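Inspection log for the structure reproduced underneath, given as structure tokens.
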Amino acid sequence: MALADVCGFKLGNENSYFISSEETGLGVPSLKDALRMSENFTVPCGVNLQDGINTAFTGTDSKVKIQFDHGTTTLAFKFQHGVIVAVDSRATAGPSIESQTVKKVIEINPYLLGTMAGGAADCMYWERVLASQCRVYELRNKERISVAAASKLLANIVYDFKGMGLSMGTMIVGWDKKGPALYYVDSDGERLVGQLFSVGSGSVYAYGVLDSDYRWDLTEQEAYDLGRRAIYHATHRDAYSGGVVNLYHMKKTGWEKISQTDTAELHYQYAAEKAGKK
């Protein structure tokens, strides 16, 4: 194969660069095993990743000071016209701001959305796996997968890796035969259904706004404003959240991206509104 040639592998000697799961000592499938089942991790040949991480980050002689801190603010809530999803766009690595333009809404299919909170790589990878599994379901059954089934599928997949370092707090939002639906799934395999969720380091601030102003009979514009306002206040108080507010609306016809607004613009807008009321 062309890729094998570029990487320097010689065909006919495949076993030299495939490692068995017993050799890894991790209970994690090898690349050879993962080719048969996409919901598995692969590991570099001959390297015990868990021992390496433990030695580097928790060993008595370790000089590595990197901490796996995570921060974000995501929220979703149901109302009379569907489901609103709002997220910030800041990515951090400890105290360092690595990006202000991360897309924290994963578009699984035209009727399903997922959010990212925790480890960006974990959320992105497993929700892409979920997207592929949802597509397989559609091809086999000639109908869209339900939101409940999609969220349960993700929970079952990540539960197999419980205790292995995954960091995920995601919301699965969609519209199926039963109408709009909202589920929360985390890396421990926990799965909850609800009307309103906020996930991330800034969620405590977002909940303050949502609990004050949320109601079922919101108009579309009121719901859009509530989503933006909740994310803005979280970014204003939480150093790990920021960037822009991405707002989505899940409707009967599928999801629609409503807006992408810089939090700095919202700050001056709300400050002017507050000053005008005095």
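Note on naming: chains are A, B, ... as they come in the structure tokens, residues start from 1 per chain, ligands start from 1 in the order shown.
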
Give me, as CSV, the closest atom pair and its distance (Å, one decimal) for every residue of range 231-266 of chain A within a cut-off of 8 Å of range 101-125 of chain A, counting only C-alpha atoms, rows sorted by chain and rising number.
```
residue,atom,partner,partner_atom,distance
A:Gly243,CA,A:Thr101,CA,6.5
A:Val244,CA,A:Thr101,CA,7.3
A:Met250,CA,A:Tyr111,CA,7.5
A:Thr253,CA,A:Tyr111,CA,7.7
A:Gly254,CA,A:Tyr111,CA,4.6
A:Trp255,CA,A:Tyr111,CA,6.0
```

I'd like the neighbourhood of range 217-229 of chain A as a ChimeraX atom specification, where a residue qualifies if any of its atoms comes within 9 Å (using only C-alpha atoms), though same-chain residues fewer than 5 positions away should be ignored.
/A:75-77,79-81,84-87,206,209-210,234,245-249,258-259,261,263,266,270

Residues of the last selection are to be written out with C-alpha atoms, as a PDB file, in the first residue's frame.
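Saved result, out19.pdb, follows:
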```pdb
ATOM      1  CA  LEU A  75     -25.560  24.333  27.539  1.00  0.00           C
ATOM      2  CA  ALA A  76     -28.751  23.049  25.980  1.00  0.00           C
ATOM      3  CA  PHE A  77     -32.408  23.394  26.880  1.00  0.00           C
ATOM      4  CA  PHE A  79     -38.593  24.793  24.892  1.00  0.00           C
ATOM      5  CA  GLN A  80     -41.826  24.948  22.912  1.00  0.00           C
ATOM      6  CA  HIS A  81     -40.076  25.357  19.543  1.00  0.00           C
ATOM      7  CA  ILE A  84     -31.371  25.412  21.899  1.00  0.00           C
ATOM      8  CA  VAL A  85     -27.657  24.552  22.032  1.00  0.00           C
ATOM      9  CA  ALA A  86     -25.105  27.233  22.957  1.00  0.00           C
ATOM     10  CA  VAL A  87     -21.359  26.828  23.519  1.00  0.00           C
ATOM     11  CA  ALA A 206     -24.622  29.561  33.159  1.00  0.00           C
ATOM     12  CA  VAL A 209     -28.841  32.739  34.304  1.00  0.00           C
ATOM     13  CA  LEU A 210     -30.807  29.745  33.039  1.00  0.00           C
ATOM     14  CA  ALA A 234     -20.088  32.205  32.132  1.00  0.00           C
ATOM     15  CA  VAL A 245     -20.846  32.039  21.354  1.00  0.00           C
ATOM     16  CA  ASN A 246     -22.030  29.475  18.813  1.00  0.00           C
ATOM     17  CA  LEU A 247     -25.803  29.069  18.890  1.00  0.00           C
ATOM     18  CA  TYR A 248     -27.804  26.227  17.308  1.00  0.00           C
ATOM     19  CA  HIS A 249     -31.540  25.551  17.131  1.00  0.00           C
ATOM     20  CA  ILE A 258     -28.389  30.633  14.290  1.00  0.00           C
ATOM     21  CA  SER A 259     -25.392  32.804  15.091  1.00  0.00           C
ATOM     22  CA  THR A 261     -21.196  36.123  18.250  1.00  0.00           C
ATOM     23  CA  THR A 263     -18.319  37.613  23.628  1.00  0.00           C
ATOM     24  CA  LEU A 266     -22.045  40.864  23.814  1.00  0.00           C
ATOM     25  CA  TYR A 270     -25.279  44.152  27.613  1.00  0.00           C
TER      26      TYR A 270
END
```

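Ranking A:Ser146, A:Ser99, A:Ser241, A:Asn141 by their shortest atom-to-atom distance to Trp175 in chain A, with only C-alpha atoms included, puts A:Ser146 first.
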
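Distances to Asp176 in chain A were evaluated for A:Val193, A:Thr72, A:Glu143, A:Lys162 using only C-alpha atoms, and the minimum falls at A:Glu143.
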